[in-house]
Amino acid sequence: MRQQHVAVILPTYNERENISSLIPAIVKNLSTLDNIRLSIVVVDDQSPDGTDQAVIEYMRQYSGLYLIRGRKQGLGVAYRRGFTYALETLRADLLVEMDADWSHNPADLPRIISAADGARTFVIGSRYVPGGATARDWPRYRLLNSLAANWCARYIAGLSPVRDCTSGFRAVSAGVLKQISWPRISARGYSFQIQLLAEARRQAANIKEVPIQFAERQQGTSKLGWRDILEFGLNSVKIRFTTAASRQPLYITAGVLLLALAAAALTADFFTLGTAGFTLFFLATFLITAQSLLTLFGMIYAWEDPARVERNNSPRVFRPPHYSFTAILPAYHEETVIADTIRALAAVEYPADKKEVLIVCRYDDAGTIAAVKSTLREIGAPWIRLLVPAYLPKNKPDKLNYALGQAEHDVVCIFDAEDNPHPDIFNIVNTVMCRDGADIVQSGVQLVNFRSNWFSTLNVLEYFFWFKSVLHFFASQQVIPLGGNQSNFAYKPRVQRQLYPCAFLGENAYITAFNL
């Protein structure tokens with residue numbers, strides 16, 4: 001049987017103390033495998049500590065040990081030099097990536113190599129699959145860097161479902177590497193790992209993950225720097241936009257936030273905070289980041305996948321009127337706008353005997369009461385009534401409770417005094433309740449007064465994204481966190497006896513129905 005030629009590639013820079021013990025350990029652990037011919041290729045970037053001299057000393061003992069020198073240009077460049085030498089000069093069948101600092105245990109080599117049992121395999125020594133783990137003594141900022149980078153690789157670059165996209169412990173078949181389009185791999189630093197993985201996926205390689213126990217380096221310091229983090233983020237975006245069918249701005253923005261957090265962990269001032277300061281900094285940053293991600297997710301939920309909200313589109317064909325509606329309109333000092341709202345409600349198309357509007361005013365609000373009476377005389381709609389409690393309601397909920405006791409129809413809904421309801425709103429809700437058996441429908445509102453104050457435009461945009469997208473997500477989870485005016489259409493018997501879940505109806509015709 002022909003021996004499999006395995007080449008272990010070890011990029012080094014100032015790793016003299018580690019390489020001296022690592023090379024014998026690699027040879028010892030792989031000597032247990034049959035039909036293996038081992039080569040070790042050390043790619044040294046002119047280490048000033050004499051790493052290359054340590055390798056030369058071992059070359060006298062191991063005939064399969066090779067040294068390639070070059071100027072320091074980054075991890076990715078070093079791996080490309082090593083791959084080229086192993087493929088073209090040594091003609092290796094299987095190439096193994098491995099760190100030279102003992103963070104990758106040579107004892108795991110037999111399992112990883114054995115898993116590479118095909119001509120087109122890509123085996124990853126994974127920290128994030130069952131049985132895998134990161135270093136217990138890893139500094140927290142290093143763990144944060146790793147988790148943030150892996151999250152970016154999976155969800156920005158689109159490399160999920162691979163669990164550990166950034167692992168540097170791999171075994172790759174020569175057949176995979178020979179088919180890769182190397183001009184597409186431009187990374188000079190650590191993002192080389194995700195670009196290589198992306199190209200392997202493009203080539204439909206058989207990707208496997210083998211659990212490993214990652215360890216902290218034995219000697220020396222990490223070479224990770226700001227430039228590597230920036231390059232990693234940019235290349236994650238590049239991979240997404242060149243290999244994925246869908247372009248998801250949420251993941252890109254989220255990745256920027258996570259990478260910024262990881263970068264902050266590298267600043268000199270960060271380490272002066274101490275343990276308590278670190279904990280507070282991390283907790284605050286985590287909470288802010290989580291809140292930002294949730295907001296971004298909700299804002300683009302409807303646009304990221306339009307199929308999510310297709311069912312929520314308003315019916316175009318309405319069912320015959322079955323339910324009757326009571327609209328409650330609380331008003332206080334609304335004499336300038338109440339007339340337009342009453343006219344809009346009078347224009348809602350629905351049988352007169354199946355609709356009513358209850359306008360609730362305080363007896364000390366003479367201006368609004370006069371405007372309501374004048375408008376009612378003008379339009380002559382007997383199903384619109386003015387209610388003036390004999391007491392002074394404390395607030396809007398108090399008015400709503402008073403009006404609920406006067407309601408005569410099946411479904412109760414609420415409007416603001418300045419609202420402009422859709423003419424088909426009752427037909428839409430009636431159809432949804434009949435079709436889906438919904439007990440409650442929640443509709444959306446849209447602010448339009450974007451010029452009334454310096455922050456008005458922001459309010460308008462907030463409402464727009466909330467009702468156009470965010471509520472679709474909450475509705476899919478059977479949760480409605482906002483129940484503002486012109487939003488609730490509730491089946492009255494259920495309102496009177498229990499709390500109820502909500503459905504969502506966007507004002508321009510999005511609907512989701514819920515049952516009790």
# chains A, B, ... in the order shown; residues from 1 in each chain; ligands from 1

call {"tool": "residues_around", "arguments": {"residues": "Tyr391 of chain A", "least_positions_apart": "2", "cutoff": "9 Å", "atoms": "only C-alpha atoms", "output": "NGL selection string"}}
result
:A and (362-363 or 388-389 or 393)

call {"tool": "write_last_selection", "arguments": {"atoms": "C-alpha atoms", "output": "PDB file, in the first residue's frame"}}
result
ATOM      1  CA  ARG A 362     -63.814  65.320  30.300  1.00  0.00           C
ATOM      2  CA  TYR A 363     -66.600  67.718  31.282  1.00  0.00           C
ATOM      3  CA  VAL A 388     -68.887  62.831  29.027  1.00  0.00           C
ATOM      4  CA  PRO A 389     -68.410  61.085  32.398  1.00  0.00           C
ATOM      5  CA  PRO A 393     -61.175  60.641  34.594  1.00  0.00           C
TER       6      PRO A 393
END

call {"tool": "residues_around", "arguments": {"residues": "Ile112 of chain A", "least_positions_apart": "3", "cutoff": "9 Å", "atoms": "only C-alpha atoms", "output": "PyMOL selection string"}}
result
chain A and resi 96+108-109+115-116+123-125+169-171+209-210

call {"tool": "write_last_selection", "arguments": {"atoms": "all heavy atoms", "output": "CSV table (one decimal), in the first residue's frame"}}
result
chain,number,residue,atom,x,y,z
A,96,VAL,N,-1.1,19.8,6.9
A,96,VAL,CA,-1.6,20.1,8.2
A,96,VAL,C,-1.2,21.5,8.6
A,96,VAL,O,0.0,21.8,8.6
A,96,VAL,CB,-1.1,19.0,9.2
A,96,VAL,CG1,-1.6,19.4,10.6
A,96,VAL,CG2,-1.6,17.6,8.8
A,108,ASP,N,-3.2,15.3,19.3
A,108,ASP,CA,-4.4,15.3,18.5
A,108,ASP,C,-4.2,15.0,17.0
A,108,ASP,O,-5.1,14.8,16.3
A,108,ASP,CB,-5.2,16.7,18.6
A,108,ASP,CG,-5.7,16.9,20.0
A,108,ASP,OD1,-6.2,15.9,20.7
A,108,ASP,OD2,-5.8,18.0,20.5
A,109,LEU,N,-2.9,15.1,16.6
A,109,LEU,CA,-2.6,14.9,15.2
A,109,LEU,C,-3.1,13.6,14.6
A,109,LEU,O,-3.7,13.6,13.5
A,109,LEU,CB,-1.1,15.0,15.0
A,109,LEU,CG,-0.5,16.5,14.9
A,109,LEU,CD1,1.0,16.5,14.9
A,109,LEU,CD2,-1.0,17.2,13.6
A,115,ALA,N,-9.0,11.4,10.3
A,115,ALA,CA,-10.3,11.9,9.8
A,115,ALA,C,-10.3,12.3,8.3
A,115,ALA,O,-11.3,12.4,7.6
A,115,ALA,CB,-10.8,13.0,10.7
A,116,ALA,N,-9.1,12.7,7.9
A,116,ALA,CA,-8.9,13.1,6.5
A,116,ALA,C,-8.7,11.9,5.6
A,116,ALA,O,-7.7,11.6,5.1
A,116,ALA,CB,-7.7,14.0,6.4
A,123,VAL,N,-10.4,18.9,7.2
A,123,VAL,CA,-10.6,18.5,8.6
A,123,VAL,C,-10.2,19.7,9.5
A,123,VAL,O,-9.1,20.2,9.4
A,123,VAL,CB,-9.9,17.3,9.0
A,123,VAL,CG1,-10.2,16.9,10.5
A,123,VAL,CG2,-10.3,16.1,8.1
A,124,ILE,N,-11.1,20.1,10.4
A,124,ILE,CA,-10.8,21.2,11.4
A,124,ILE,C,-10.7,20.7,12.8
A,124,ILE,O,-11.6,20.0,13.2
A,124,ILE,CB,-11.9,22.3,11.3
A,124,ILE,CG1,-12.0,22.8,9.9
A,124,ILE,CG2,-11.7,23.4,12.3
A,124,ILE,CD1,-13.2,23.7,9.7
A,125,GLY,N,-9.7,21.0,13.5
A,125,GLY,CA,-9.6,20.7,14.9
A,125,GLY,C,-10.4,21.8,15.6
A,125,GLY,O,-10.0,23.0,15.7
A,169,PHE,N,-5.8,24.7,13.4
A,169,PHE,CA,-5.4,23.4,13.5
A,169,PHE,C,-6.2,22.6,12.5
A,169,PHE,O,-7.4,22.2,12.7
A,169,PHE,CB,-5.6,22.8,14.9
A,169,PHE,CG,-4.8,21.6,15.2
A,169,PHE,CD1,-3.9,21.1,14.3
A,169,PHE,CD2,-4.9,21.0,16.5
A,169,PHE,CE1,-3.1,20.0,14.7
A,169,PHE,CE2,-4.1,19.9,16.8
A,169,PHE,CZ,-3.2,19.4,15.9
A,170,ARG,N,-5.6,22.3,11.3
A,170,ARG,CA,-6.4,21.7,10.2
A,170,ARG,C,-5.6,20.7,9.4
A,170,ARG,O,-4.3,20.7,9.4
A,170,ARG,CB,-6.8,22.8,9.2
A,170,ARG,CG,-7.8,23.9,9.8
A,170,ARG,CD,-7.9,25.0,8.9
A,170,ARG,NE,-9.0,25.9,9.3
A,170,ARG,CZ,-9.3,27.0,8.7
A,170,ARG,NH1,-8.6,27.4,7.6
A,170,ARG,NH2,-10.3,27.8,9.1
A,171,ALA,N,-6.3,19.8,8.7
A,171,ALA,CA,-5.7,18.9,7.8
A,171,ALA,C,-6.4,19.0,6.5
A,171,ALA,O,-7.6,18.7,6.5
A,171,ALA,CB,-5.7,17.5,8.3
A,209,GLU,N,-15.3,18.3,11.4
A,209,GLU,CA,-14.8,19.0,12.6
A,209,GLU,C,-14.5,17.9,13.6
A,209,GLU,O,-15.4,17.1,14.0
A,209,GLU,CB,-15.7,20.0,13.2
A,209,GLU,CG,-15.9,21.2,12.3
A,209,GLU,CD,-16.7,22.4,12.9
A,209,GLU,OE1,-16.1,23.1,13.7
A,209,GLU,OE2,-17.9,22.5,12.6
A,210,VAL,N,-13.3,17.9,14.2
A,210,VAL,CA,-12.8,17.0,15.2
A,210,VAL,C,-12.6,17.7,16.5
A,210,VAL,O,-11.8,18.7,16.4
A,210,VAL,CB,-11.5,16.2,14.7
A,210,VAL,CG1,-11.0,15.3,15.8
A,210,VAL,CG2,-11.8,15.4,13.5

call {"tool": "select_by_dssp", "arguments": {"residues": "segment 62-249 of chain A", "states": "alpha helix (DSSP H)", "output": "JSON, numbers by chain"}}
result
{"A": [75, 76, 77, 78, 79, 80, 81, 82, 83, 84, 109, 110, 111, 112, 113, 114, 115, 140, 141, 142, 143, 144, 145, 146, 147, 148, 149, 150, 151, 174, 175, 176, 177, 178, 179, 192, 193, 194, 195, 196, 197, 198, 199, 200, 201, 202, 226, 227, 228, 229, 230, 231, 232, 233, 234, 235, 236, 237, 238, 239, 240, 241, 242, 243, 249]}

call {"tool": "closest_residue", "arguments": {"among": "A:Leu345, A:Ala331, A:Leu458, A:Leu404", "to": "Ala417 of chain A", "atoms": "only C-alpha atoms"}}
result
A:Ala331

call {"tool": "closest_residue", "arguments": {"among": "A:Ile342, A:Ala403, A:Ala390, A:Ala149", "to": "Leu376 of chain A", "atoms": "only C-alpha atoms"}}
result
A:Ile342

call {"tool": "select_by_dssp", "arguments": {"residues": "segment 362-398 of chain A", "states": "strand (DSSP E or B)", "output": "PyMOL selection string"}}
result
chain A and resi 384-387

call {"tool": "closest_residue", "arguments": {"among": "A:Ser173, A:Ser191, A:Thr289, A:Gln53", "to": "Tyr79 of chain A", "atoms": "only C-alpha atoms"}}
result
A:Ser191

call {"tool": "closest_residue", "arguments": {"among": "A:Phe122, A:Asp137, A:Val172, A:Asn145", "to": "Leu87 of chain A", "atoms": "only C-alpha atoms"}}
result
A:Val172

call {"tool": "residues_around", "arguments": {"residues": "Leu234 of chain A", "least_positions_apart": "3", "cutoff": "10 Å", "atoms": "only C-alpha atoms", "output": "PyMOL selection string"}}
result
chain A and resi 157+187+191+228-231+237-239+252+256

call {"tool": "closest_residue", "arguments": {"among": "A:Asn206, A:Ser126, A:Ser167, A:Thr84", "to": "Trp182 of chain A", "atoms": "only C-alpha atoms"}}
result
A:Thr84

call {"tool": "residues_around", "arguments": {"residues": "Ala381 of chain A", "least_positions_apart": "5", "cutoff": "12 Å", "atoms": "only C-alpha atoms", "output": "list in words"}}
result
Ile342, Arg343, Leu345, Ala346, Ala347, Val348, Ala352, Asp353, Lys355, Glu356, Val357, Leu358, Val372, Lys373, Ser374, Thr375, Leu376 and Leu386 of chain A

call {"tool": "write_last_selection", "arguments": {"atoms": "all heavy atoms", "output": "short mmCIF file (atom, residue, chain, number, x, y, z; two decimals), in the first residue's frame"}}
result
data_model
loop_
_atom_site.label_atom_id
_atom_site.label_comp_id
_atom_site.auth_asym_id
_atom_site.auth_seq_id
_atom_site.Cartn_x
_atom_site.Cartn_y
_atom_site.Cartn_z
N ILE A 342 -63.00 62.44 13.38
CA ILE A 342 -64.40 61.99 13.34
C ILE A 342 -64.84 61.76 11.90
O ILE A 342 -65.50 60.76 11.58
CB ILE A 342 -65.32 63.01 14.04
CG1 ILE A 342 -65.00 63.07 15.54
CG2 ILE A 342 -66.79 62.66 13.82
CD1 ILE A 342 -65.73 64.17 16.28
N ARG A 343 -64.47 62.67 11.00
CA ARG A 343 -64.85 62.51 9.59
C ARG A 343 -64.20 61.25 9.01
O ARG A 343 -64.82 60.53 8.20
CB ARG A 343 -64.42 63.74 8.79
CG ARG A 343 -65.17 65.02 9.14
CD ARG A 343 -64.84 66.14 8.19
NE ARG A 343 -65.48 67.38 8.59
CZ ARG A 343 -64.87 68.34 9.28
NH1 ARG A 343 -63.59 68.18 9.63
NH2 ARG A 343 -65.52 69.43 9.63
N LEU A 345 -63.38 58.52 10.66
CA LEU A 345 -64.08 57.35 11.19
C LEU A 345 -65.45 57.20 10.55
O LEU A 345 -65.92 56.07 10.31
CB LEU A 345 -64.22 57.49 12.71
CG LEU A 345 -62.95 57.23 13.52
CD1 LEU A 345 -63.14 57.66 14.97
CD2 LEU A 345 -62.57 55.75 13.45
N ALA A 346 -66.10 58.29 10.25
CA ALA A 346 -67.39 58.22 9.58
C ALA A 346 -67.26 57.65 8.17
O ALA A 346 -68.21 57.06 7.64
CB ALA A 346 -68.03 59.61 9.52
N ALA A 347 -66.06 57.80 7.58
CA ALA A 347 -65.83 57.31 6.22
C ALA A 347 -65.43 55.84 6.18
O ALA A 347 -65.28 55.27 5.09
CB ALA A 347 -64.76 58.15 5.54
N VAL A 348 -65.22 55.22 7.33
CA VAL A 348 -64.87 53.80 7.35
C VAL A 348 -66.04 53.00 6.79
O VAL A 348 -67.19 53.15 7.23
CB VAL A 348 -64.53 53.34 8.79
CG1 VAL A 348 -64.37 51.82 8.84
CG2 VAL A 348 -63.25 54.02 9.26
N ALA A 352 -73.69 50.32 9.04
CA ALA A 352 -73.90 51.26 10.14
C ALA A 352 -74.38 50.56 11.41
O ALA A 352 -74.06 50.99 12.52
CB ALA A 352 -74.88 52.34 9.72
N ASP A 353 -75.15 49.46 11.24
CA ASP A 353 -75.66 48.78 12.42
C ASP A 353 -74.61 47.88 13.07
O ASP A 353 -74.86 47.27 14.11
CB ASP A 353 -76.90 47.96 12.07
CG ASP A 353 -76.60 46.86 11.05
OD1 ASP A 353 -75.61 47.00 10.29
OD2 ASP A 353 -77.35 45.86 11.02
N LYS A 355 -71.34 49.04 13.60
CA LYS A 355 -70.22 49.88 14.03
C LYS A 355 -70.74 51.01 14.89
O LYS A 355 -71.87 51.49 14.73
CB LYS A 355 -69.44 50.43 12.84
CG LYS A 355 -70.23 51.37 11.94
CD LYS A 355 -69.40 51.87 10.77
CE LYS A 355 -70.23 52.76 9.84
NZ LYS A 355 -69.42 53.25 8.70
N GLU A 356 -69.90 51.42 15.83
CA GLU A 356 -70.18 52.60 16.64
C GLU A 356 -68.86 53.23 17.07
O GLU A 356 -67.84 52.54 17.17
CB GLU A 356 -71.03 52.25 17.87
CG GLU A 356 -70.31 51.42 18.92
CD GLU A 356 -71.13 51.23 20.18
OE1 GLU A 356 -72.12 51.94 20.37
OE2 GLU A 356 -70.75 50.36 21.00
N VAL A 357 -68.89 54.52 17.29
CA VAL A 357 -67.72 55.25 17.77
C VAL A 357 -68.12 55.97 19.04
O VAL A 357 -69.14 56.70 19.07
CB VAL A 357 -67.22 56.26 16.71
CG1 VAL A 357 -66.03 57.04 17.27
CG2 VAL A 357 -66.83 55.56 15.43
N LEU A 358 -67.33 55.75 20.11
CA LEU A 358 -67.56 56.42 21.39
C LEU A 358 -66.43 57.41 21.64
O LEU A 358 -65.28 57.01 21.83
CB LEU A 358 -67.63 55.38 22.52
CG LEU A 358 -68.66 54.26 22.35
CD1 LEU A 358 -68.60 53.31 23.55
CD2 LEU A 358 -70.06 54.83 22.18
N VAL A 372 -66.65 68.44 18.93
CA VAL A 372 -67.26 67.14 18.64
C VAL A 372 -68.73 67.33 18.28
O VAL A 372 -69.23 66.79 17.28
CB VAL A 372 -67.12 66.20 19.86
CG1 VAL A 372 -67.96 64.94 19.66
CG2 VAL A 372 -65.65 65.83 20.07
N LYS A 373 -69.46 68.12 19.08
CA LYS A 373 -70.89 68.31 18.82
C LYS A 373 -71.11 68.98 17.47
O LYS A 373 -72.03 68.59 16.72
CB LYS A 373 -71.50 69.15 19.94
CG LYS A 373 -71.61 68.42 21.27
CD LYS A 373 -72.25 69.31 22.33
CE LYS A 373 -72.44 68.55 23.65
NZ LYS A 373 -73.04 69.41 24.70
N SER A 374 -70.27 69.94 17.14
CA SER A 374 -70.41 70.63 15.86
C SER A 374 -70.20 69.68 14.69
O SER A 374 -70.95 69.69 13.71
CB SER A 374 -69.42 71.80 15.79
OG SER A 374 -69.44 72.39 14.51
N THR A 375 -69.19 68.82 14.81
CA THR A 375 -68.89 67.88 13.73
C THR A 375 -69.98 66.83 13.60
O THR A 375 -70.37 66.45 12.49
CB THR A 375 -67.54 67.20 13.97
OG1 THR A 375 -66.53 68.18 14.18
CG2 THR A 375 -67.15 66.31 12.80
N LEU A 376 -70.53 66.36 14.71
CA LEU A 376 -71.60 65.36 14.66
C LEU A 376 -72.86 65.93 14.01
O LEU A 376 -73.56 65.23 13.27
CB LEU A 376 -71.90 64.85 16.06
CG LEU A 376 -70.79 64.02 16.74
CD1 LEU A 376 -71.23 63.54 18.11
CD2 LEU A 376 -70.40 62.82 15.86
N LEU A 386 -71.03 60.92 21.74
CA LEU A 386 -70.15 61.63 22.66
C LEU A 386 -70.47 61.19 24.08
O LEU A 386 -71.63 61.24 24.51
CB LEU A 386 -70.35 63.14 22.53
CG LEU A 386 -69.64 64.01 23.57
CD1 LEU A 386 -68.12 63.87 23.47
CD2 LEU A 386 -70.06 65.48 23.42
#

call {"tool": "closest_residue", "arguments": {"among": "A:His409, A:Arg435, A:Arg240, A:Lys396", "to": "Trp383 of chain A", "atoms": "only C-alpha atoms"}}
result
A:His409

call {"tool": "atom_distance", "arguments": {"atom1": "atom CA of Gln203 of chain A", "atom2": "atom CA of Val8 of chain A"}}
result
22.4 Å

call {"tool": "atom_distance", "arguments": {"atom1": "atom CA of Gln61 of chain A", "atom2": "atom CA of His5 of chain A"}}
result
19.2 Å

call {"tool": "residues_around", "arguments": {"residues": "Gly132 of chain A", "least_positions_apart": "2", "cutoff": "9 Å", "atoms": "only C-alpha atoms", "output": "mmCIF file with N, CA and C atoms, in the first residue's frame"}}
result
data_model
loop_
_atom_site.group_PDB
_atom_site.id
_atom_site.type_symbol
_atom_site.label_atom_id
_atom_site.label_comp_id
_atom_site.auth_asym_id
_atom_site.auth_seq_id
_atom_site.Cartn_x
_atom_site.Cartn_y
_atom_site.Cartn_z
ATOM 1 N N GLY A 125 -9.657 20.985 13.474
ATOM 2 C CA GLY A 125 -9.585 20.734 14.907
ATOM 3 C C GLY A 125 -10.407 21.792 15.607
ATOM 4 N N SER A 126 -11.572 21.406 16.127
ATOM 5 C CA SER A 126 -12.582 22.381 16.539
ATOM 6 C C SER A 126 -12.689 22.507 18.053
ATOM 7 N N ARG A 127 -12.717 23.749 18.500
ATOM 8 C CA ARG A 127 -12.925 24.055 19.919
ATOM 9 C C ARG A 127 -14.395 24.133 20.284
ATOM 10 N N TYR A 128 -15.260 24.280 19.278
ATOM 11 C CA TYR A 128 -16.641 24.621 19.539
ATOM 12 C C TYR A 128 -17.632 23.536 19.122
ATOM 13 N N VAL A 129 -17.175 22.301 19.026
ATOM 14 C CA VAL A 129 -18.081 21.171 18.862
ATOM 15 C C VAL A 129 -18.066 20.380 20.164
ATOM 16 N N PRO A 130 -19.069 19.535 20.396
ATOM 17 C CA PRO A 130 -19.062 18.732 21.628
ATOM 18 C C PRO A 130 -17.753 17.974 21.797
ATOM 19 N N THR A 134 -11.831 25.540 24.833
ATOM 20 C CA THR A 134 -10.757 26.526 24.795
ATOM 21 C C THR A 134 -9.929 26.396 26.063
ATOM 22 N N VAL A 210 -13.264 17.908 14.166
ATOM 23 C CA VAL A 210 -12.820 16.959 15.180
ATOM 24 C C VAL A 210 -12.566 17.746 16.469
ATOM 25 N N PRO A 211 -13.147 17.348 17.601
ATOM 26 C CA PRO A 211 -12.963 18.125 18.837
ATOM 27 C C PRO A 211 -11.516 18.120 19.309
ATOM 28 N N ILE A 212 -11.057 19.276 19.744
ATOM 29 C CA ILE A 212 -9.720 19.411 20.324
ATOM 30 C C ILE A 212 -9.811 20.226 21.608
ATOM 31 N N GLN A 213 -8.812 20.086 22.444
ATOM 32 C CA GLN A 213 -8.669 20.898 23.649
ATOM 33 C C GLN A 213 -7.601 21.941 23.374
ATOM 34 N N PHE A 214 -8.053 23.176 23.143
ATOM 35 C CA PHE A 214 -7.119 24.249 22.845
ATOM 36 C C PHE A 214 -6.424 24.695 24.130
#

call {"tool": "atom_distance", "arguments": {"atom1": "atom CA of Val412 of chain A", "atom2": "atom CA of Glu334 of chain A"}}
result
21.9 Å

call {"tool": "residues_around", "arguments": {"residues": "Asp424 of chain A", "least_positions_apart": "3", "cutoff": "10 Å", "atoms": "only C-alpha atoms", "output": "list in words"}}
result
Phe318, Ala347, Val348, Glu349, Tyr350, Pro421, Asn427, Ile428, Val429, Asn430 and Ala509 of chain A

call {"tool": "write_last_selection", "arguments": {"atoms": "N, CA and C atoms", "output": "mmCIF file, in the first residue's frame"}}
result
data_model
loop_
_atom_site.group_PDB
_atom_site.id
_atom_site.type_symbol
_atom_site.label_atom_id
_atom_site.label_comp_id
_atom_site.auth_asym_id
_atom_site.auth_seq_id
_atom_site.Cartn_x
_atom_site.Cartn_y
_atom_site.Cartn_z
ATOM 1 N N PHE A 318 -62.695 40.712 1.051
ATOM 2 C CA PHE A 318 -63.213 40.721 2.409
ATOM 3 C C PHE A 318 -64.383 39.750 2.568
ATOM 4 N N ALA A 347 -66.061 57.795 7.579
ATOM 5 C CA ALA A 347 -65.835 57.305 6.218
ATOM 6 C C ALA A 347 -65.431 55.841 6.178
ATOM 7 N N VAL A 348 -65.224 55.219 7.326
ATOM 8 C CA VAL A 348 -64.874 53.799 7.354
ATOM 9 C C VAL A 348 -66.045 52.995 6.793
ATOM 10 N N GLU A 349 -65.751 52.145 5.820
ATOM 11 C CA GLU A 349 -66.791 51.403 5.112
ATOM 12 C C GLU A 349 -67.160 50.135 5.873
ATOM 13 N N TYR A 350 -68.366 50.129 6.441
ATOM 14 C CA TYR A 350 -68.873 48.982 7.182
ATOM 15 C C TYR A 350 -70.344 49.277 7.490
ATOM 16 N N PRO A 421 -57.661 56.659 10.362
ATOM 17 C CA PRO A 421 -57.806 55.221 10.117
ATOM 18 C C PRO A 421 -58.088 54.903 8.654
ATOM 19 N N ASN A 427 -63.338 46.046 7.805
ATOM 20 C CA ASN A 427 -63.443 44.897 6.904
ATOM 21 C C ASN A 427 -62.211 43.994 7.012
ATOM 22 N N ILE A 428 -61.051 44.607 7.127
ATOM 23 C CA ILE A 428 -59.822 43.833 7.241
ATOM 24 C C ILE A 428 -59.836 43.003 8.519
ATOM 25 N N VAL A 429 -60.132 43.661 9.629
ATOM 26 C CA VAL A 429 -60.101 42.962 10.915
ATOM 27 C C VAL A 429 -61.195 41.893 10.979
ATOM 28 N N ASN A 430 -62.368 42.201 10.462
ATOM 29 C CA ASN A 430 -63.442 41.207 10.439
ATOM 30 C C ASN A 430 -63.013 39.969 9.655
ATOM 31 N N ALA A 509 -51.753 47.476 6.020
ATOM 32 C CA ALA A 509 -52.296 46.175 5.701
ATOM 33 C C ALA A 509 -51.389 44.990 5.940
#

call {"tool": "residues_around", "arguments": {"residues": "Ala371 of chain A", "least_positions_apart": "4", "cutoff": "10 Å", "atoms": "only C-alpha atoms", "output": "ChimeraX atom specification"}}
result
/A:334-339,366-367,375-376

call {"tool": "decode", "arguments": {"residues": "segment 319-346 of chain A", "atoms": "C-alpha atoms", "output": "PDB file, in the first residue's frame"}}
result
ATOM      1  CA  ARG A 319     -65.593  38.323   4.061  1.00  0.00           C
ATOM      2  CA  PRO A 320     -69.191  39.372   4.744  1.00  0.00           C
ATOM      3  CA  PRO A 321     -69.505  41.478   7.915  1.00  0.00           C
ATOM      4  CA  HIS A 322     -69.837  39.143  10.878  1.00  0.00           C
ATOM      5  CA  TYR A 323     -68.402  41.011  13.838  1.00  0.00           C
ATOM      6  CA  SER A 324     -69.610  44.404  14.981  1.00  0.00           C
ATOM      7  CA  PHE A 325     -67.137  47.075  16.115  1.00  0.00           C
ATOM      8  CA  THR A 326     -66.975  49.683  18.856  1.00  0.00           C
ATOM      9  CA  ALA A 327     -64.231  52.266  18.344  1.00  0.00           C
ATOM     10  CA  ILE A 328     -63.234  54.214  21.457  1.00  0.00           C
ATOM     11  CA  LEU A 329     -61.757  57.645  20.909  1.00  0.00           C
ATOM     12  CA  PRO A 330     -60.420  59.314  24.100  1.00  0.00           C
ATOM     13  CA  ALA A 331     -59.790  63.060  23.642  1.00  0.00           C
ATOM     14  CA  TYR A 332     -58.499  65.890  25.804  1.00  0.00           C
ATOM     15  CA  HIS A 333     -57.817  69.386  24.447  1.00  0.00           C
ATOM     16  CA  GLU A 334     -58.012  68.073  20.876  1.00  0.00           C
ATOM     17  CA  GLU A 335     -60.362  70.683  19.456  1.00  0.00           C
ATOM     18  CA  THR A 336     -57.987  71.447  16.556  1.00  0.00           C
ATOM     19  CA  VAL A 337     -57.808  67.883  15.207  1.00  0.00           C
ATOM     20  CA  ILE A 338     -60.848  65.996  16.496  1.00  0.00           C
ATOM     21  CA  ALA A 339     -63.112  67.023  13.602  1.00  0.00           C
ATOM     22  CA  ASP A 340     -60.833  65.458  10.982  1.00  0.00           C
ATOM     23  CA  THR A 341     -60.617  62.211  12.976  1.00  0.00           C
ATOM     24  CA  ILE A 342     -64.404  61.991  13.343  1.00  0.00           C
ATOM     25  CA  ARG A 343     -64.846  62.513   9.588  1.00  0.00           C
ATOM     26  CA  ALA A 344     -62.251  59.787   8.900  1.00  0.00           C
ATOM     27  CA  LEU A 345     -64.082  57.349  11.194  1.00  0.00           C
ATOM     28  CA  ALA A 346     -67.393  58.222   9.578  1.00  0.00           C
TER      29      ALA A 346
END
